[in-house]
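Novice: This is the structure, below, for whatever I ask next.
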Amino acid sequence: MGSEVLRARSHNAGPVDGGFLNPFLEKGSCHVGGVLRQAGDDRSASRFVDRLGDRELCGVAGRPGLQHQERLAARPDRFRLRRVRRCSGASAVGELPTHVEAFVAERVREHDARTGSARPMSKEVRGPVEQLLSVVLPDFEPSGRPHHAQPFVDVAPGFFDYLVEERGLRPASVRHYRHHLDRFEAYLSRIGVKSIGELSPTIVSAFVVERAAAGLAKSTVRDSAGVLRVFLGYAHRQGVLAGDLSAAVGWPQVYRLSSIPRSISWEEVNRVLAGVDRRSEAGKRDYAILLLLVTYGLRAREIAALTLDDIDWKRDRLAIPERKAGHSTAFPLSAVVGEAIVDYLQHGRPTTTDRHLFFRAVAPRRPVGAAAVSSLARHYILKAGVEVPRPGSHTLRHSAVQRLVDANFDLKTIGDFVGHRSARSTEVYAKVAVEALRAVALGDGEEVLS
């Protein structure tokens, strides 16, 4: 057949001779060991292989392929190879990439014939093989998701350096710019604009209109237009654009207090919390995160930045150091929240030297980001059948504030609690003081307004 590239299996004898592949397999073994360590698994890579061989070279640590494992009586830092065959006509490792697709097709056929399954598994076979080849062949490009370069890097290569060095933007703000410019670059590609020199006020305005029609919040459309203005001004300054098109970028007018917070009722909050499967590692983590959102009204990035050092168990205090404008806050640690965090620390959090509190539940075991916190909040809100515009972590943050408003706390206290930089940011919650407004509607309102 000649298309099998790499397979692993235990042997009591020494490793099977792989010929010219031996030094590269040794290098790949070290790499997989690194993947295991990155995943928070300190076991030696050589001690585990996939029992059925469906995921070559152990797959990636933490994926289902590691649910079925065999202990090897081998030396601790080497794979015991089941078979290492040369591809048909291959006499050097550099020729292997041309045989990957044939190998993948053969493995899928074998799997389907053996199991009767029609489940797509090409990526599961191809991924680990290409990962190994990318280690041993520096110029090898895997066929998976390509690395996405910065938008407009070919025409304005210094733009992101300009944002940092001249405008003094923080990394989070730079990522914000990149997000919006990615959309603009994709839009130009879709409408057939091949050069930035073809831009016109009509094209720029059409992009902003399309963003507004996509159902985005007005503030998001305004932010996108602001990013576009800065980029077009920079392109003109660098001589990339003959004219300055930044003035042609319009945006929707956003009025203060024109909207109401996207909060949900406390009954709906309880439904969201009840939808978490707390038996799993991910469920323990998600439950603790959701409790932090609805109890303290934290932002997603504040939760993602939490570390073990921010919890004072002796004094029952929770410190939030990463607030806006460099502010910090310390809360009493709620017993319910504390119990959820302890449950996660004991039964869900991976063993790692990293001090971050919350980690991904699958490999690579890295700290969760703000986007992941918002995404899981959205998932559980939708799972609970709660209908709210643009569900996410801020929905639960608003719900925490709504509960304080209903309890008749003054706006200054509420603003301090949720970390608002200005009292003006809290004024919008006066519009959702439901009980007070109901009293105004039913009576003359003098008592409420006095």
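All residue names refer to the structure tokens as shown: chains lettered A, B, ... in order, residues numbered from 1 in each chain, ligands numbered from 1 in order.
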I'd like the neighbourhood of range 377-391 of chain A as a list in words, where a residue qualifies if any of its atoms comes within 9 Å (using only C-alpha atoms), though same-chain residues fewer than 3 positions away should be ignored.

Specialist: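 Contacts, with the query itself left out: Leu216, Ala217, Arg262, Ser263, Ile264, Glu268, Val269, Arg271, Val272, Leu273, Ala274, Gly275, Val276, Asp286, Ile289, Leu290, Leu293, Ala372, Val373, Ser374, His394, Thr395 and Leu396 of chain A.
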
Novice: Generate a file of the selected residues that holds C-alpha atoms, formatted as a PDB file, in the first residue's frame.

Specialist:
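Contents of the output file again-v9.pdb:
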ATOM      1  CA  LEU A 216     -24.977  45.589  15.331  1.00  0.00           C
ATOM      2  CA  ALA A 217     -25.426  48.066  18.146  1.00  0.00           C
ATOM      3  CA  ARG A 262     -30.074  44.390  28.528  1.00  0.00           C
ATOM      4  CA  SER A 263     -30.922  42.808  31.865  1.00  0.00           C
ATOM      5  CA  ILE A 264     -33.029  39.730  32.537  1.00  0.00           C
ATOM      6  CA  GLU A 268     -34.422  33.918  34.318  1.00  0.00           C
ATOM      7  CA  VAL A 269     -31.007  34.185  35.975  1.00  0.00           C
ATOM      8  CA  ARG A 271     -32.878  29.268  34.915  1.00  0.00           C
ATOM      9  CA  VAL A 272     -29.515  30.111  33.358  1.00  0.00           C
ATOM     10  CA  LEU A 273     -27.644  28.803  36.405  1.00  0.00           C
ATOM     11  CA  ALA A 274     -29.784  25.669  36.526  1.00  0.00           C
ATOM     12  CA  GLY A 275     -28.773  24.828  32.955  1.00  0.00           C
ATOM     13  CA  VAL A 276     -25.132  24.196  33.893  1.00  0.00           C
ATOM     14  CA  ASP A 286     -18.774  27.720  33.948  1.00  0.00           C
ATOM     15  CA  ILE A 289     -17.934  32.163  36.204  1.00  0.00           C
ATOM     16  CA  LEU A 290     -21.691  32.701  35.908  1.00  0.00           C
ATOM     17  CA  LEU A 293     -21.135  37.639  36.739  1.00  0.00           C
ATOM     18  CA  ALA A 372     -14.652  32.895  26.044  1.00  0.00           C
ATOM     19  CA  VAL A 373     -16.346  34.251  29.182  1.00  0.00           C
ATOM     20  CA  SER A 374     -18.871  36.188  27.107  1.00  0.00           C
ATOM     21  CA  HIS A 394     -22.924  41.965  29.931  1.00  0.00           C
ATOM     22  CA  THR A 395     -26.486  40.654  30.104  1.00  0.00           C
ATOM     23  CA  LEU A 396     -25.723  39.058  33.458  1.00  0.00           C
TER      24      LEU A 396
END

Novice: Would you mind listing what lies within 12 Å of Leu188 in chain A as a PyMOL selection string, with only C-alpha atoms counted and same-chain residues fewer than 3 positions away left out?

Specialist: chain A and resi 151-152+181-185+191-200+203-204+206-207

Novice: As a PyMOL selection string, please: every residue in range 110-350 of chain A that a backbone DSSP assignment puts in alpha helix (DSSP H).

Specialist: chain A and resi 110-115+122-136+159-165+171-190+201-213+218-237+266-274+281-296+300-304+335-347

Novice: How would the residues just picked look written out with C-alpha atoms as a short mmCIF file (atom, residue, chain, number, x, y, z; two decimals), in the first residue's frame?

Specialist:
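Final output, saved to selection.cif:
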data_model
loop_
_atom_site.label_atom_id
_atom_site.label_comp_id
_atom_site.auth_asym_id
_atom_site.auth_seq_id
_atom_site.Cartn_x
_atom_site.Cartn_y
_atom_site.Cartn_z
CA GLU A 110 -10.18 1.46 7.10
CA HIS A 111 -12.10 3.23 9.86
CA ASP A 112 -15.39 3.25 7.96
CA ALA A 113 -15.04 -0.40 6.98
CA ARG A 114 -14.22 -1.44 10.54
CA THR A 115 -16.86 0.61 12.36
CA SER A 122 -10.32 13.30 7.77
CA LYS A 123 -9.28 16.27 9.89
CA GLU A 124 -8.69 14.05 12.91
CA VAL A 125 -6.25 11.92 10.93
CA ARG A 126 -4.61 14.68 8.92
CA GLY A 127 -4.11 17.14 11.79
CA PRO A 128 -1.66 15.16 13.98
CA VAL A 129 0.32 13.93 10.97
CA GLU A 130 0.69 17.45 9.61
CA GLN A 131 1.56 18.68 13.07
CA LEU A 132 4.49 16.26 13.23
CA LEU A 133 5.60 17.19 9.71
CA SER A 134 5.50 20.88 10.64
CA VAL A 135 7.95 20.08 13.45
CA VAL A 136 10.45 18.15 11.36
CA PHE A 159 -0.10 51.00 10.88
CA PHE A 160 -0.24 48.82 14.00
CA ASP A 161 3.17 50.06 15.13
CA TYR A 162 1.79 53.57 14.68
CA LEU A 163 -1.13 52.76 16.97
CA VAL A 164 1.23 51.63 19.73
CA GLU A 165 4.13 54.04 19.36
CA PRO A 171 -2.82 45.65 23.21
CA ALA A 172 -6.56 45.22 23.79
CA SER A 173 -7.26 48.39 21.81
CA VAL A 174 -4.95 47.26 19.01
CA ARG A 175 -6.88 43.99 18.78
CA HIS A 176 -10.05 46.08 18.59
CA TYR A 177 -8.64 47.92 15.57
CA ARG A 178 -7.60 44.69 13.93
CA HIS A 179 -11.08 43.20 14.39
CA HIS A 180 -12.78 46.05 12.55
CA LEU A 181 -10.15 46.32 9.82
CA ASP A 182 -10.44 42.57 9.18
CA ARG A 183 -14.11 43.17 8.37
CA PHE A 184 -13.27 46.10 6.10
CA GLU A 185 -10.63 44.09 4.24
CA ALA A 186 -13.07 41.19 3.78
CA TYR A 187 -15.71 43.61 2.50
CA LEU A 188 -13.37 45.06 -0.12
CA SER A 189 -12.43 41.57 -1.27
CA ARG A 190 -16.09 40.59 -1.56
CA PRO A 201 -16.38 57.93 -0.41
CA THR A 202 -19.14 55.77 -1.86
CA ILE A 203 -17.35 52.51 -1.04
CA VAL A 204 -16.44 53.67 2.45
CA SER A 205 -20.01 54.80 3.19
CA ALA A 206 -21.44 51.56 1.82
CA PHE A 207 -19.30 49.57 4.25
CA VAL A 208 -20.58 51.55 7.23
CA VAL A 209 -24.17 51.15 6.03
CA GLU A 210 -23.70 47.39 5.67
CA ARG A 211 -22.33 47.14 9.19
CA ALA A 212 -25.31 49.08 10.52
CA ALA A 213 -27.72 46.82 8.61
CA LYS A 218 -25.05 51.69 17.14
CA SER A 219 -22.05 52.01 19.44
CA THR A 220 -20.34 49.10 17.63
CA VAL A 221 -20.99 50.70 14.23
CA ARG A 222 -19.63 53.98 15.58
CA ASP A 223 -16.49 52.22 16.84
CA SER A 224 -16.01 50.54 13.46
CA ALA A 225 -16.33 53.88 11.67
CA GLY A 226 -13.88 55.47 14.10
CA VAL A 227 -11.29 52.77 13.40
CA LEU A 228 -11.79 53.25 9.67
CA ARG A 229 -11.27 56.99 10.01
CA VAL A 230 -7.96 56.53 11.80
CA PHE A 231 -6.75 53.99 9.22
CA LEU A 232 -7.70 56.12 6.22
CA GLY A 233 -6.03 59.15 7.77
CA TYR A 234 -2.85 57.15 8.32
CA ALA A 235 -2.93 55.77 4.75
CA HIS A 236 -3.18 59.31 3.38
CA ARG A 237 -0.33 60.50 5.60
CA TRP A 266 -33.83 37.06 38.54
CA GLU A 267 -36.08 34.13 37.73
CA GLU A 268 -34.42 33.92 34.32
CA VAL A 269 -31.01 34.18 35.98
CA ASN A 270 -31.86 31.13 38.07
CA ARG A 271 -32.88 29.27 34.92
CA VAL A 272 -29.52 30.11 33.36
CA LEU A 273 -27.64 28.80 36.41
CA ALA A 274 -29.78 25.67 36.53
CA GLU A 281 -14.94 19.95 34.68
CA ALA A 282 -16.17 22.56 32.21
CA GLY A 283 -19.48 22.79 34.06
CA LYS A 284 -17.78 23.47 37.39
CA ARG A 285 -15.77 26.25 35.78
CA ASP A 286 -18.77 27.72 33.95
CA TYR A 287 -20.93 27.71 37.07
CA ALA A 288 -18.30 29.63 39.03
CA ILE A 289 -17.93 32.16 36.20
CA LEU A 290 -21.69 32.70 35.91
CA LEU A 291 -21.97 33.22 39.67
CA LEU A 292 -19.23 35.87 39.51
CA LEU A 293 -21.13 37.64 36.74
CA VAL A 294 -24.51 37.71 38.48
CA THR A 295 -23.22 38.26 42.03
CA TYR A 296 -20.66 41.02 41.49
CA ALA A 300 -15.75 39.44 31.11
CA ARG A 301 -12.16 40.69 31.00
CA GLU A 302 -12.11 41.14 34.78
CA ILE A 303 -13.06 37.49 35.25
CA ALA A 304 -10.50 36.35 32.67
CA ALA A 335 -20.21 31.72 50.45
CA VAL A 336 -21.99 30.43 47.33
CA VAL A 337 -19.35 31.86 45.02
CA GLY A 338 -16.55 30.59 47.24
CA GLU A 339 -17.96 27.06 47.28
CA ALA A 340 -18.26 27.06 43.48
CA ILE A 341 -14.66 28.23 43.08
CA VAL A 342 -13.39 25.62 45.54
CA ASP A 343 -15.28 22.89 43.68
CA TYR A 344 -13.63 23.99 40.44
CA LEU A 345 -10.17 24.24 42.01
CA GLN A 346 -10.44 20.75 43.51
CA HIS A 347 -12.15 18.91 40.67
#

Novice: Give the answer as one residue: which of A:Pro142, A:Gly348, A:Val401, A:Asp277 has the shortest atom-to-atom distance to Glu101 in chain A, using only C-alpha atoms?

Specialist: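 Once distances to Glu101 in chain A are computed over only C-alpha atoms, the minimum belongs to A:Pro142.
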
Novice: To one decimal in Å, tell me the separation between CA of Leu306 in chain A and CA of Gly168 in chain A.

Specialist: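 Computed distance, CA of Leu306 in chain A to CA of Gly168 in chain A, equals 25.1 Å.
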
Novice: Could you please determine the separation between CA of Ala319 in chain A and CA of Pro367 in chain A in Å, to one decimal place?

Specialist: 18.2 Å

Novice: Could you tell me how far CA of Asp154 in chain A sits from CA of Ala242 in chain A, in Å to one decimal place?

Specialist: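 Answer for the CA of Ala242 in chain A to CA of Asp154 in chain A separation: 17.1 Å.
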
Novice: Could you pull out the residues in range 328-409 of chain A that DSSP calls strand (DSSP E) from the backbone, as a ChimeraX atom specification?

Specialist: /A:329-332

Novice: May I have the selected residues written with C-alpha atoms, as a compact mmCIF listing (two decimals), in the first residue's frame?

Specialist:
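Result file again-v5.txt:
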# COMPACT_ATOMS: atom_id res chain seq x y z
CA THR A 329 -12.14 46.80 44.09
CA ALA A 330 -12.36 44.31 46.95
CA PHE A 331 -15.59 42.42 47.63
CA PRO A 332 -16.66 40.17 50.48
